[in-house]
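Data block for model_15.txt (compact mmCIF, C-alpha atoms):
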# COMPACT_ATOMS: atom_id res chain seq x y z
CA MET A 1 9.83 3.78 24.46
CA ARG A 2 9.06 5.31 21.06
CA GLU A 3 7.38 8.72 21.10
CA LYS A 4 3.93 8.91 19.61
CA ARG A 5 4.02 10.76 16.30
CA ASP A 6 2.00 13.98 16.12
CA THR A 7 0.09 13.75 12.85
CA SER A 8 -2.44 16.49 13.53
CA ASN A 9 -0.84 18.80 10.95
CA TYR A 10 -0.31 16.14 8.30
CA LEU A 11 -1.87 16.58 4.86
CA PHE A 12 -4.18 13.55 5.12
CA SER A 13 -5.97 12.39 8.24
CA GLY A 14 -6.96 8.76 8.70
CA LYS A 15 -10.47 9.73 7.68
CA ASP A 16 -9.14 11.44 4.53
CA LEU A 17 -7.29 8.26 3.53
CA ILE A 18 -10.36 6.09 4.04
CA THR A 19 -12.48 8.59 2.09
CA LEU A 20 -9.95 8.37 -0.76
CA LEU A 21 -9.43 4.61 -0.64
CA ILE A 22 -12.96 3.20 -0.27
CA PRO A 23 -14.32 4.64 -3.56
CA LEU A 24 -11.17 3.46 -5.34
CA ILE A 25 -11.71 -0.07 -4.01
CA VAL A 26 -15.38 0.02 -5.03
CA GLU A 27 -14.41 1.22 -8.51
CA GLN A 28 -11.81 -1.52 -8.92
CA MET A 29 -14.25 -4.14 -7.65
CA LEU A 30 -16.95 -2.99 -10.05
CA SER A 31 -14.55 -3.15 -12.98
CA ILE A 32 -13.55 -6.70 -12.09
CA LEU A 33 -17.09 -7.91 -11.38
CA VAL A 34 -18.30 -6.50 -14.68
CA GLY A 35 -15.38 -8.21 -16.44
CA LEU A 36 -16.41 -11.41 -14.69
CA ALA A 37 -20.04 -10.93 -15.75
CA ASP A 38 -18.95 -10.17 -19.34
CA SER A 39 -16.88 -13.32 -19.58
CA ILE A 40 -19.64 -15.46 -18.01
CA MET A 41 -22.20 -14.08 -20.47
CA VAL A 42 -19.96 -14.60 -23.48
CA ALA A 43 -19.15 -18.08 -22.15
CA SER A 44 -22.72 -19.02 -23.02
CA VAL A 45 -21.60 -18.73 -26.65
CA GLY A 46 -18.72 -21.16 -26.07
CA GLU A 47 -15.03 -21.39 -25.10
CA ALA A 48 -14.01 -20.01 -28.51
CA ALA A 49 -15.90 -16.79 -27.77
CA VAL A 50 -14.29 -16.50 -24.31
CA SER A 51 -10.87 -17.00 -25.88
CA GLY A 52 -11.48 -14.51 -28.72
CA VAL A 53 -12.71 -11.76 -26.42
CA SER A 54 -9.89 -12.34 -23.91
CA LEU A 55 -7.26 -12.08 -26.66
CA VAL A 56 -8.55 -8.68 -27.77
CA ASP A 57 -9.02 -7.48 -24.19
CA SER A 58 -5.35 -8.22 -23.53
CA CYS A 59 -4.49 -5.65 -26.23
CA PHE A 60 -6.92 -3.14 -24.76
CA VAL A 61 -5.37 -3.54 -21.35
CA LEU A 62 -2.15 -2.38 -23.03
CA LEU A 63 -3.88 0.80 -24.25
CA ILE A 64 -5.54 1.37 -20.88
CA GLN A 65 -2.13 1.03 -19.21
CA VAL A 66 -0.68 3.67 -21.56
CA PHE A 67 -3.49 6.13 -20.89
CA SER A 68 -3.37 5.39 -17.18
CA ALA A 69 0.39 6.04 -17.15
CA LEU A 70 0.02 9.39 -18.90
CA ALA A 71 -2.85 10.28 -16.56
CA THR A 72 -0.57 9.38 -13.66
CA GLY A 73 2.00 11.81 -15.06
CA GLY A 74 -0.62 14.54 -15.01
CA ALA A 75 -1.76 13.54 -11.53
CA VAL A 76 1.80 13.70 -10.16
CA VAL A 77 2.46 17.12 -11.69
CA ALA A 78 -0.90 18.51 -10.55
CA GLY A 79 -0.48 16.93 -7.11
CA GLN A 80 2.96 18.43 -6.61
CA TYR A 81 1.62 21.85 -7.63
CA LEU A 82 -1.21 21.43 -5.12
CA GLY A 83 1.39 20.57 -2.48
CA LEU A 84 3.04 23.89 -3.36
CA LYS A 85 -0.41 25.57 -3.15
CA ASP A 86 -0.10 26.69 -6.80
CA GLU A 87 -3.61 26.01 -8.11
CA LYS A 88 -3.14 27.97 -11.33
CA ASN A 89 -0.39 25.71 -12.65
CA ALA A 90 -2.17 22.65 -11.26
CA CYS A 91 -5.18 23.50 -13.44
CA GLU A 92 -2.97 24.15 -16.43
CA ALA A 93 -1.41 20.71 -15.98
CA SER A 94 -4.91 19.19 -15.95
CA ASN A 95 -5.92 21.02 -19.13
CA GLN A 96 -2.78 20.03 -21.02
CA LEU A 97 -3.19 16.43 -19.87
CA VAL A 98 -6.74 16.06 -21.21
CA TRP A 99 -6.07 17.61 -24.60
CA PHE A 100 -2.72 15.95 -25.29
CA VAL A 101 -3.82 12.43 -24.30
CA THR A 102 -7.14 12.70 -26.16
CA LEU A 103 -5.49 13.75 -29.42
CA MET A 104 -2.98 10.93 -29.04
CA SER A 105 -5.81 8.42 -28.44
CA VAL A 106 -7.52 9.35 -31.71
CA VAL A 107 -4.30 8.61 -33.58
CA ILE A 108 -3.99 5.26 -31.77
CA MET A 109 -7.58 4.35 -32.67
CA VAL A 110 -6.87 4.92 -36.37
CA ILE A 111 -3.68 2.83 -36.17
CA VAL A 112 -5.52 -0.07 -34.49
CA TYR A 113 -8.14 -0.12 -37.25
CA MET A 114 -5.44 -0.02 -39.92
CA CYS A 115 -3.41 -2.81 -38.27
CA ARG A 116 -6.36 -5.04 -37.35
CA ASN A 117 -5.20 -8.04 -39.39
CA LEU A 118 -1.65 -7.75 -38.04
CA ILE A 119 -2.97 -7.75 -34.48
CA LEU A 120 -5.17 -10.78 -35.02
CA ASN A 121 -2.76 -12.90 -37.04
CA GLY A 122 0.70 -11.55 -36.23
CA VAL A 123 0.54 -10.89 -32.50
CA PHE A 124 -1.62 -13.83 -31.42
CA GLY A 125 0.00 -16.32 -33.78
CA GLN A 126 -1.87 -19.36 -35.04
CA ILE A 127 -5.32 -19.38 -33.43
CA GLU A 128 -8.31 -21.47 -34.38
CA ALA A 129 -10.70 -20.05 -37.00
CA ASP A 130 -13.69 -19.70 -34.67
CA VAL A 131 -11.56 -17.93 -32.03
CA GLU A 132 -10.32 -15.50 -34.71
CA MET A 133 -13.89 -14.81 -35.85
CA HIS A 134 -15.03 -13.79 -32.35
CA ALA A 135 -11.86 -11.74 -31.78
CA ASN A 136 -12.37 -9.86 -35.05
CA THR A 137 -15.98 -8.96 -34.24
CA TYR A 138 -15.07 -7.72 -30.78
CA LEU A 139 -12.09 -5.71 -32.02
CA LEU A 140 -14.06 -3.91 -34.74
CA ILE A 141 -16.61 -2.56 -32.28
CA VAL A 142 -14.58 -1.88 -29.14
CA THR A 143 -11.74 -0.03 -30.91
CA ALA A 144 -14.08 2.97 -31.31
CA SER A 145 -14.04 3.36 -27.51
CA ILE A 146 -10.32 4.22 -27.32
CA PRO A 147 -10.69 8.06 -27.17
CA PHE A 148 -13.37 7.75 -24.49
CA LEU A 149 -11.11 5.48 -22.42
CA ALA A 150 -8.47 8.21 -22.61
CA LEU A 151 -10.94 10.88 -21.51
CA TYR A 152 -12.13 8.81 -18.57
CA ASN A 153 -8.60 8.04 -17.36
CA CYS A 154 -7.61 11.71 -17.52
CA GLY A 155 -10.77 12.87 -15.76
CA ALA A 156 -10.43 10.27 -13.03
CA ALA A 157 -6.79 11.28 -12.45
CA ILE A 158 -7.80 14.94 -12.09
CA PHE A 159 -10.39 14.16 -9.43
CA ARG A 160 -8.05 11.78 -7.58
CA SER A 161 -5.40 14.52 -7.46
CA MET A 162 -7.90 16.60 -5.49
CA GLY A 163 -8.41 13.67 -3.11
CA ASN A 164 -11.89 13.16 -4.54
CA SER A 165 -12.30 9.58 -5.73
CA LYS A 166 -16.07 9.52 -5.22
CA VAL A 167 -16.73 11.12 -8.62
CA SER A 168 -14.96 8.41 -10.62
CA MET A 169 -16.61 5.76 -8.41
CA LYS A 170 -20.13 7.07 -9.11
CA ILE A 171 -19.44 7.31 -12.84
CA SER A 172 -17.97 3.80 -12.76
CA ILE A 173 -21.16 2.50 -11.13
CA MET A 174 -23.30 4.02 -13.89
CA MET A 175 -20.88 2.91 -16.62
CA ASN A 176 -20.83 -0.67 -15.39
CA ALA A 177 -24.62 -0.73 -14.94
CA ILE A 178 -24.98 0.26 -18.60
CA ASN A 179 -22.48 -2.42 -19.59
CA VAL A 180 -24.04 -5.29 -17.63
CA ALA A 181 -27.63 -4.39 -18.56
CA GLY A 182 -26.66 -4.05 -22.22
CA ASN A 183 -24.85 -7.38 -22.16
CA ALA A 184 -27.81 -9.17 -20.60
CA ILE A 185 -30.28 -7.70 -23.10
CA LEU A 186 -28.18 -8.28 -26.23
CA VAL A 187 -26.63 -11.65 -25.30
CA TYR A 188 -29.62 -13.35 -23.69
CA GLY A 189 -32.49 -11.33 -25.16
CA PHE A 190 -31.33 -10.96 -28.76
CA ASN A 191 -28.73 -13.76 -28.96
CA ARG A 192 -26.08 -11.39 -30.32
CA GLY A 193 -23.12 -13.34 -28.87
CA THR A 194 -19.81 -11.47 -29.05
CA GLU A 195 -21.50 -8.37 -30.50
CA GLY A 196 -23.76 -8.33 -27.45
CA VAL A 197 -20.72 -7.91 -25.20
CA ALA A 198 -18.87 -5.44 -27.43
CA ILE A 199 -21.65 -2.88 -28.09
CA PRO A 200 -22.47 -2.16 -24.40
CA THR A 201 -18.73 -1.85 -23.71
CA LEU A 202 -18.48 0.88 -26.35
CA VAL A 203 -21.60 2.73 -25.16
CA SER A 204 -20.62 2.60 -21.48
CA ARG A 205 -17.12 3.94 -22.15
CA MET A 206 -18.54 6.78 -24.25
CA PHE A 207 -20.85 7.68 -21.38
CA ALA A 208 -18.07 7.61 -18.76
CA GLY A 209 -15.58 9.65 -20.79
CA ILE A 210 -18.04 12.40 -21.70
CA VAL A 211 -19.59 12.73 -18.23
CA ILE A 212 -16.34 12.90 -16.26
CA ILE A 213 -14.87 15.57 -18.55
CA CYS A 214 -18.06 17.65 -18.27
CA LEU A 215 -17.75 17.48 -14.48
CA ALA A 216 -14.05 18.44 -14.65
CA CYS A 217 -15.07 21.66 -16.44
CA ASN A 218 -16.56 22.99 -13.18
CA GLN A 219 -14.53 26.19 -12.67
CA ASN A 220 -15.18 26.17 -8.91
CA LEU A 221 -13.08 23.04 -8.37
CA PRO A 222 -9.46 23.41 -7.15
CA LEU A 223 -8.49 21.45 -10.27
CA HIS A 224 -10.48 22.03 -13.45
CA ILE A 225 -10.10 22.23 -17.21
CA LYS A 226 -11.05 25.13 -19.47
CA LYS A 227 -14.48 25.26 -21.09
CA SER A 228 -13.10 25.75 -24.56
CA PHE A 229 -12.35 23.76 -27.68
CA LYS A 230 -9.35 25.99 -28.37
CA TYR A 231 -6.14 24.28 -27.40
CA ARG A 232 -2.62 25.60 -27.46
CA ILE A 233 0.03 23.16 -26.41
CA LYS A 234 2.23 24.38 -23.57
CA TRP A 235 5.38 22.34 -24.00
CA SER A 236 6.92 23.21 -20.64
CA MET A 237 3.92 21.66 -18.88
CA VAL A 238 3.55 18.73 -21.29
CA LYS A 239 7.23 17.88 -20.81
CA ARG A 240 6.72 17.65 -17.06
CA ILE A 241 3.74 15.34 -17.58
CA LEU A 242 5.64 13.23 -20.12
CA TYR A 243 8.70 13.07 -17.84
CA ILE A 244 6.55 11.01 -15.48
CA GLY A 245 4.14 9.56 -18.02
CA ILE A 246 6.53 8.21 -20.68
CA PRO A 247 8.71 6.05 -18.39
CA ASN A 248 5.60 4.91 -16.54
CA GLY A 249 3.86 4.26 -19.87
CA MET A 250 6.85 2.36 -21.24
CA GLU A 251 6.97 0.28 -18.06
CA ASN A 252 3.26 -0.51 -18.19
CA SER A 253 3.13 -1.07 -21.94
CA MET A 254 6.21 -3.30 -21.95
CA PHE A 255 4.66 -5.20 -19.07
CA GLN A 256 1.45 -5.73 -21.03
CA LEU A 257 3.33 -6.42 -24.26
CA GLY A 258 5.14 -9.17 -22.40
CA LYS A 259 1.80 -10.61 -21.35
CA ILE A 260 0.61 -10.53 -24.97
CA LEU A 261 3.75 -12.30 -26.17
CA VAL A 262 3.32 -14.88 -23.46
CA LEU A 263 -0.33 -15.18 -24.51
CA SER A 264 0.86 -16.29 -27.95
CA LEU A 265 2.71 -19.08 -26.13
CA VAL A 266 -0.39 -19.94 -24.10
CA SER A 267 -2.42 -20.20 -27.31
CA THR A 268 -0.14 -23.02 -28.47
CA PHE A 269 -1.24 -25.11 -25.47
CA GLY A 270 -4.80 -25.25 -26.83
CA THR A 271 -8.19 -23.60 -26.32
CA TYR A 272 -8.49 -25.02 -22.78
CA ALA A 273 -5.27 -23.18 -21.79
CA ILE A 274 -6.45 -19.87 -23.29
CA ALA A 275 -9.75 -20.17 -21.39
CA ALA A 276 -8.03 -21.13 -18.12
CA ASN A 277 -5.59 -18.24 -18.51
CA ALA A 278 -8.43 -15.79 -19.24
CA ILE A 279 -10.48 -16.86 -16.22
CA SER A 280 -7.40 -16.81 -14.01
CA ASN A 281 -6.54 -13.27 -15.11
CA THR A 282 -10.03 -12.07 -14.18
CA VAL A 283 -10.11 -13.73 -10.75
CA ALA A 284 -6.47 -12.81 -10.03
CA SER A 285 -7.42 -9.17 -10.61
CA PHE A 286 -9.89 -9.49 -7.75
CA GLN A 287 -7.18 -10.91 -5.52
CA THR A 288 -5.08 -7.74 -5.94
CA LEU A 289 -7.83 -5.13 -6.26
CA THR A 290 -7.12 -3.44 -2.89
CA GLY A 291 -3.47 -3.21 -3.88
CA VAL A 292 -4.34 -1.53 -7.19
CA ALA A 293 -6.64 0.92 -5.36
CA THR A 294 -3.83 1.65 -2.88
CA ASN A 295 -1.45 2.35 -5.78
CA LEU A 296 -3.79 5.07 -7.06
CA ALA A 297 -4.12 6.55 -3.59
CA MET A 298 -0.34 6.41 -3.12
CA ILE A 299 0.20 8.64 -6.17
CA THR A 300 -2.26 11.23 -4.82
CA VAL A 301 -0.91 11.26 -1.27
CA ILE A 302 2.83 11.04 -1.91
CA SER A 303 2.85 13.62 -4.75
CA ARG A 304 1.21 16.17 -2.39
CA CYS A 305 3.80 15.40 0.31
CA ILE A 306 6.65 15.73 -2.21
CA GLY A 307 5.27 19.06 -3.43
CA ALA A 308 5.21 20.27 0.18
CA GLY A 309 8.81 19.03 0.60
CA ASP A 310 7.94 16.88 3.65
CA TYR A 311 9.72 13.50 3.49
CA GLU A 312 8.68 12.56 7.02
CA GLN A 313 5.10 12.48 5.79
CA VAL A 314 6.22 10.48 2.75
CA LYS A 315 7.70 7.82 5.04
CA TYR A 316 4.64 7.81 7.30
CA TYR A 317 2.08 7.42 4.49
CA THR A 318 4.21 4.87 2.63
CA LYS A 319 4.13 2.58 5.66
CA LYS A 320 0.46 3.21 6.40
CA LEU A 321 -0.72 2.56 2.85
CA HIS A 322 1.39 -0.60 2.56
CA ILE A 323 -0.26 -1.98 5.70
CA PHE A 324 -3.63 -1.29 4.11
CA ALA A 325 -2.57 -3.02 0.88
CA TYR A 326 -1.47 -6.14 2.75
CA VAL A 327 -4.59 -6.39 4.91
CA GLY A 328 -6.83 -5.86 1.89
CA THR A 329 -4.98 -8.48 -0.17
CA PHE A 330 -5.35 -11.09 2.58
CA ILE A 331 -9.10 -10.44 2.60
CA THR A 332 -9.62 -10.56 -1.16
CA VAL A 333 -7.51 -13.66 -1.61
CA GLY A 334 -9.46 -15.37 1.17
CA ILE A 335 -12.73 -14.52 -0.58
CA THR A 336 -11.55 -15.94 -3.91
CA TYR A 337 -10.37 -19.15 -2.24
CA ALA A 338 -13.80 -19.60 -0.66
CA LEU A 339 -15.74 -18.85 -3.86
CA LEU A 340 -13.43 -20.55 -6.38
CA PRO A 341 -15.53 -23.70 -6.95
CA LEU A 342 -18.64 -21.56 -7.53
CA ILE A 343 -16.80 -19.23 -9.93
CA LEU A 344 -15.40 -22.07 -12.03
CA ARG A 345 -18.80 -23.75 -12.19
CA ALA A 346 -20.34 -20.49 -13.48
CA TYR A 347 -17.93 -20.50 -16.43
CA ASN A 348 -18.94 -24.02 -17.45
CA LEU A 349 -15.31 -24.86 -18.24
CA SER A 350 -14.00 -28.21 -19.35
CA ASP A 351 -12.35 -30.34 -16.64
CA MET A 352 -8.87 -29.56 -17.99
CA ALA A 353 -9.48 -25.80 -18.03
CA ALA A 354 -11.03 -25.82 -14.52
CA ALA A 355 -8.14 -27.83 -13.05
CA ALA A 356 -5.54 -25.54 -14.64
CA ALA A 357 -7.34 -22.40 -13.40
CA THR A 358 -7.53 -23.81 -9.86
CA HIS A 359 -3.79 -24.48 -9.68
CA ILE A 360 -2.97 -21.07 -11.15
CA LEU A 361 -5.19 -19.12 -8.75
CA MET A 362 -3.94 -20.95 -5.66
CA LEU A 363 -0.37 -20.06 -6.64
CA HIS A 364 -1.21 -16.45 -7.50
CA GLY A 365 -3.22 -15.82 -4.34
CA THR A 366 -0.58 -17.24 -1.99
CA CYS A 367 2.21 -15.18 -3.55
CA ALA A 368 0.08 -12.03 -3.76
CA MET A 369 -0.37 -12.03 0.02
CA VAL A 370 3.41 -11.96 0.48
CA ILE A 371 5.05 -10.21 -2.47
CA TRP A 372 2.59 -8.12 -4.54
CA PRO A 373 2.55 -4.82 -2.53
CA LEU A 374 6.36 -4.66 -2.44
CA ALA A 375 6.56 -5.33 -6.18
CA PHE A 376 3.81 -2.93 -7.31
CA THR A 377 2.77 -0.51 -4.53
CA LEU A 378 6.25 0.53 -3.37
CA PRO A 379 7.37 1.85 -6.81
CA CYS A 380 4.39 4.25 -6.75
CA VAL A 381 6.37 6.21 -4.14
CA PHE A 382 9.17 6.68 -6.66
CA ARG A 383 6.78 7.78 -9.42
CA ALA A 384 5.06 10.30 -7.16
CA ALA A 385 8.49 11.64 -6.18
CA GLY A 386 9.60 12.01 -9.82
CA ASP A 387 12.05 9.08 -9.71
CA VAL A 388 10.61 7.18 -12.67
CA LYS A 389 13.62 5.84 -14.57
CA PHE A 390 14.75 3.31 -11.97
CA SER A 391 11.29 1.78 -11.72
CA MET A 392 10.99 1.65 -15.51
CA ILE A 393 14.37 -0.01 -16.11
CA THR A 394 13.96 -2.50 -13.27
CA SER A 395 10.46 -3.50 -14.33
CA ILE A 396 11.27 -3.87 -18.03
CA VAL A 397 14.44 -5.92 -17.50
CA SER A 398 12.77 -8.14 -14.91
CA MET A 399 9.72 -8.64 -17.10
CA TRP A 400 11.66 -9.66 -20.22
CA ILE A 401 13.99 -12.02 -18.39
CA CYS A 402 11.57 -13.61 -15.92
CA ARG A 403 8.09 -13.23 -17.37
CA VAL A 404 8.88 -13.74 -21.06
CA ILE A 405 12.02 -15.87 -21.34
CA PHE A 406 11.26 -18.10 -18.36
CA SER A 407 7.66 -18.55 -19.52
CA TYR A 408 9.07 -20.38 -22.51
CA VAL A 409 11.67 -22.20 -20.41
CA ILE A 410 9.26 -23.38 -17.70
CA GLY A 411 6.02 -23.53 -19.69
CA LYS A 412 7.19 -24.98 -22.99
CA TYR A 413 10.56 -26.67 -22.52
CA MET A 414 10.01 -27.95 -18.97
CA GLY A 415 6.47 -29.02 -19.90
CA LEU A 416 4.48 -27.17 -17.20
CA GLY A 417 2.25 -25.52 -19.80
CA VAL A 418 0.10 -22.57 -18.80
CA PHE A 419 0.92 -23.10 -15.09
CA GLY A 420 4.61 -22.57 -15.91
CA VAL A 421 3.77 -19.18 -17.41
CA TRP A 422 2.35 -18.09 -14.05
CA VAL A 423 5.37 -19.47 -12.17
CA ALA A 424 7.57 -17.24 -14.34
CA MET A 425 5.35 -14.27 -13.44
CA ILE A 426 5.92 -14.87 -9.72
CA MET A 427 9.68 -14.91 -10.38
CA ASP A 428 9.25 -11.45 -11.91
CA TRP A 429 7.49 -10.23 -8.74
CA CYS A 430 10.34 -11.46 -6.53
CA VAL A 431 13.02 -9.67 -8.55
CA ARG A 432 11.02 -6.41 -8.55
CA ALA A 433 10.39 -6.57 -4.81
CA VAL A 434 14.09 -6.99 -3.96
CA CYS A 435 15.14 -4.14 -6.26
CA PHE A 436 12.47 -1.71 -5.03
CA ILE A 437 13.11 -2.37 -1.34
CA THR A 438 16.82 -1.71 -1.93
CA ARG A 439 16.04 1.53 -3.80
CA TYR A 440 13.66 2.80 -1.11
CA ARG A 441 16.13 2.18 1.70
CA SER A 442 18.94 3.89 -0.21
CA GLY A 443 17.00 7.20 -0.37
CA LYS A 444 18.28 7.87 -3.90
CA TRP A 445 14.71 8.54 -5.06
CA LYS A 446 14.50 11.77 -3.03
CA GLY A 447 14.95 15.26 -4.45
CA LYS A 448 13.68 14.43 -7.96
CA GLN A 449 10.37 16.33 -7.94
CA VAL A 450 9.30 17.82 -11.28
CA VAL A 451 7.91 21.21 -10.10

For the structure just supplied, provide its representation as structure tokens.
Amino acid sequence: MREKRDTSNYLFSGKDLITLLIPLIVEQMLSILVGLADSIMVASVGEAAVSGVSLVDSCFVLLIQVFSALATGGAVVAGQYLGLKDEKNACEASNQLVWFVTLMSVVIMVIVYMCRNLILNGVFGQIEADVEMHANTYLLIVTASIPFLALYNCGAAIFRSMGNSKVSMKISIMMNAINVAGNAILVYGFNRGTEGVAIPTLVSRMFAGIVIICLACNQNLPLHIKKSFKYRIKWSMVKRILYIGIPNGMENSMFQLGKILVLSLVSTFGTYAIAANAISNTVASFQTLTGVATNLAMITVISRCIGAGDYEQVKYYTKKLHIFAYVGTFITVGITYALLPLILRAYNLSDMAAAAATHILMLHGTCAMVIWPLAFTLPCVFRAAGDVKFSMITSIVSMWICRVIFSYVIGKYMGLGVFGVWVAMIMDWCVRAVCFITRYRSGKWKGKQVV
């Protein structure tokens, strides 16, 4: 009979995990529901508007992934310092993170404005004139929110490293309330169409970024940033952050770049395919929201255990958080299956777009319940432990071969269209899952901490 494990001295109690996870789930759910509300509101303008906004949002997801990856680098470094009970260096890591990422985001914003025509015409390929018009309007306004997205991601990572996810949840509630209310007023009240969706997005992101950084300046917090506009780069600390952040950022950005390239293929299938793909992406995000929340919690928990040098706790929390991810995914997928007819009706899609979205979401939901946590939650253990290169290489190679090449093979040449693109994505999940399970069991990810 197996002995009962004594977890009384472990870093996180069951209550601590729930306290960390629930706000993260609420925050993810709010983000998805607001995205759903945005797309429904802009759908009142027409399928071309839905398609134009979704094309630009796919690029912004790329930027969000980059900032999130760099913030994860800061969270891992700060978390490992907290595990070592070195609060001074943990705070320094937080300060360097905020300044470095914010300065980088300003440069990116300028580049996006300068390359606007290349993004619209080069990346997306040949799109219809009305789709391009809506995409251009949305891009012009929302690009100004890039630095504030960076600030919010950094601030949220700092609070999560402390095990406090309630702050980012509360700010997310206010941010999304501003966004939805602004959309409703401008789209329905003033008939502003795409502008009515873009302006509240900008204002809400400005609000979130400024507020969370102001809160992170509280000097009484275990992790805080300096109340000063004077910044001196500390390369030793930035290198530690970038050691985690760059491979993670390359993995995430290549992943999103692959989606954008595949999106150019989807656009060749017609406006109905772009709309079906956009709706499917939004609803599919809801299907995996508990998994995404668990990923964020995994970084916080495992980095602290690694800093403390306790691999027994790493093993224990890895198993416990995976169970949570699976249970949560079963629930969210079940909800989407039950509400799918209502959701599709709300979008007022054409019959072709609705049928395609239904097939896609049934496939995605079924596979998510089996494969997703192993493909996306398990590698968070490696990142938190400092073993970032294996995850990066595996993910990039798998993405280019399965998600990109086979999208063209199955979608275009085998004639499955937009559904074939999603089949190729599931192939990518399977390859990742096998590689990450093998890596975890080998134990080669241990002993790579960055502090």

### Contact residues around Thr72 in chain A with all atoms listed in the file at 9 Å, ignoring same-chain residues under 6 positions, as a PyMOL selection string
chain A and resi 153-154+157+241+244-245+248+296+299+383-384

### CA of Met162 in chain A to CA of Glu87 in chain A, straight-line distance in Å
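Atom-to-atom, CA of Glu87 in chain A and CA of Met162 in chain A are spaced 10.7 Å apart.
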
### Message
I need the residue nearest Ala357 in chain A from this list: A:Gly309, A:Tyr326, A:Ser398, A:Trp422. Use all atoms listed in the file for the distance.
### Response
A:Trp422

### Task
Would you please work out which residue, of A:Leu340, A:Val301, A:Ala346, A:Val397, is nearest to Val381 in chain A when using all atoms listed in the file?
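Checking each of A:Leu340, A:Val301, A:Ala346, A:Val397 against Val381 in chain A, counting all atoms listed in the file, the winner is A:Val301.
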
### Task
Just the residues within 8 Å of Phe376 in chain A, please, counting all atoms listed in the file, with nothing from its chain fewer than 4 positions along; format it as number ranges by chain.
A: 295, 372, 380, 433

Contacts between range 19-27 of chain A and range 183-297 of chain A, please, where a residue of range 183-297 of chain A counts if it comes within 12 Å (with all atoms listed in the file); show its shortest atom pair and distance in Å to one decimal, rows by chain and ascending number, as CSV.
residue,atom,partner,partner_atom,distance
A:Phe286,CA,A:Ile25,CA,10.3
A:Gln287,CA,A:Ile25,CA,11.8
A:Thr288,CA,A:Ile25,CA,10.3
A:Leu289,CA,A:Ile25,CA,6.8
A:Thr290,CA,A:Ile25,CA,5.8
A:Gly291,CA,A:Ile25,CA,8.8
A:Val292,CA,A:Ile25,CA,8.2
A:Ala293,CA,A:Leu24,CA,5.2
A:Thr294,CA,A:Leu21,CA,6.7
A:Asn295,CA,A:Leu21,CA,9.8
A:Leu296,CA,A:Leu24,CA,7.7
A:Ala297,CA,A:Leu21,CA,6.4

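Ranking A:Thr201, A:Asn348, A:Ser395, A:Ser285 by their shortest atom-to-atom distance to Thr336 in chain A, with only C-alpha atoms included, puts A:Ser285 first.
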
### Task
Please measure the separation of CA of Ile225 in chain A and CA of Ser94 in chain A, giving the value in Å to one decimal.
6.1 Å

Protein, DNA and RNA residues within 12 Å of (2.4, -21.1, -18.5), only C-alpha atoms, as a short mmCIF file (atom, residue, chain, number, x, y, z; two decimals) with C-alpha atoms, in the frame of the given file:
data_model
loop_
_atom_site.label_atom_id
_atom_site.label_comp_id
_atom_site.auth_asym_id
_atom_site.auth_seq_id
_atom_site.Cartn_x
_atom_site.Cartn_y
_atom_site.Cartn_z
CA LYS A 259 1.80 -10.61 -21.35
CA LEU A 261 3.75 -12.30 -26.17
CA VAL A 262 3.32 -14.88 -23.46
CA LEU A 263 -0.33 -15.18 -24.51
CA SER A 264 0.86 -16.29 -27.95
CA LEU A 265 2.71 -19.08 -26.13
CA VAL A 266 -0.39 -19.94 -24.10
CA SER A 267 -2.42 -20.20 -27.31
CA THR A 268 -0.14 -23.02 -28.47
CA PHE A 269 -1.24 -25.11 -25.47
CA GLY A 270 -4.80 -25.25 -26.83
CA ALA A 273 -5.27 -23.18 -21.79
CA ILE A 274 -6.45 -19.87 -23.29
CA ALA A 276 -8.03 -21.13 -18.12
CA ASN A 277 -5.59 -18.24 -18.51
CA SER A 280 -7.40 -16.81 -14.01
CA ALA A 356 -5.54 -25.54 -14.64
CA ALA A 357 -7.34 -22.40 -13.40
CA HIS A 359 -3.79 -24.48 -9.68
CA ILE A 360 -2.97 -21.07 -11.15
CA ARG A 403 8.09 -13.23 -17.37
CA VAL A 404 8.88 -13.74 -21.06
CA ILE A 405 12.02 -15.87 -21.34
CA PHE A 406 11.26 -18.10 -18.36
CA SER A 407 7.66 -18.55 -19.52
CA TYR A 408 9.07 -20.38 -22.51
CA VAL A 409 11.67 -22.20 -20.41
CA ILE A 410 9.26 -23.38 -17.70
CA GLY A 411 6.02 -23.53 -19.69
CA LYS A 412 7.19 -24.98 -22.99
CA TYR A 413 10.56 -26.67 -22.52
CA MET A 414 10.01 -27.95 -18.97
CA GLY A 415 6.47 -29.02 -19.90
CA LEU A 416 4.48 -27.17 -17.20
CA GLY A 417 2.25 -25.52 -19.80
CA VAL A 418 0.10 -22.57 -18.80
CA PHE A 419 0.92 -23.10 -15.09
CA GLY A 420 4.61 -22.57 -15.91
CA VAL A 421 3.77 -19.18 -17.41
CA TRP A 422 2.35 -18.09 -14.05
CA VAL A 423 5.37 -19.47 -12.17
CA ALA A 424 7.57 -17.24 -14.34
CA MET A 425 5.35 -14.27 -13.44
CA ILE A 426 5.92 -14.87 -9.72
#

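Of the listed residues (A:Thr102, A:Thr300, A:Asn117, A:Thr271), A:Thr102 comes nearest to Tyr231 in chain A; the distances count only C-alpha atoms.
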
### Interatomic distance, CA of Tyr138 in chain A to CA of Gly193 in chain A (Å, one decimal)
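CA of Gly193 in chain A lies at a distance of 10.0 Å from CA of Tyr138 in chain A.
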
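Of the residues listed (A:Val142, A:Val187, A:Ile212, A:Ala37), A:Val142 shows the shortest atom-to-atom separation from Ile199 in chain A; distances use all atoms listed in the file.
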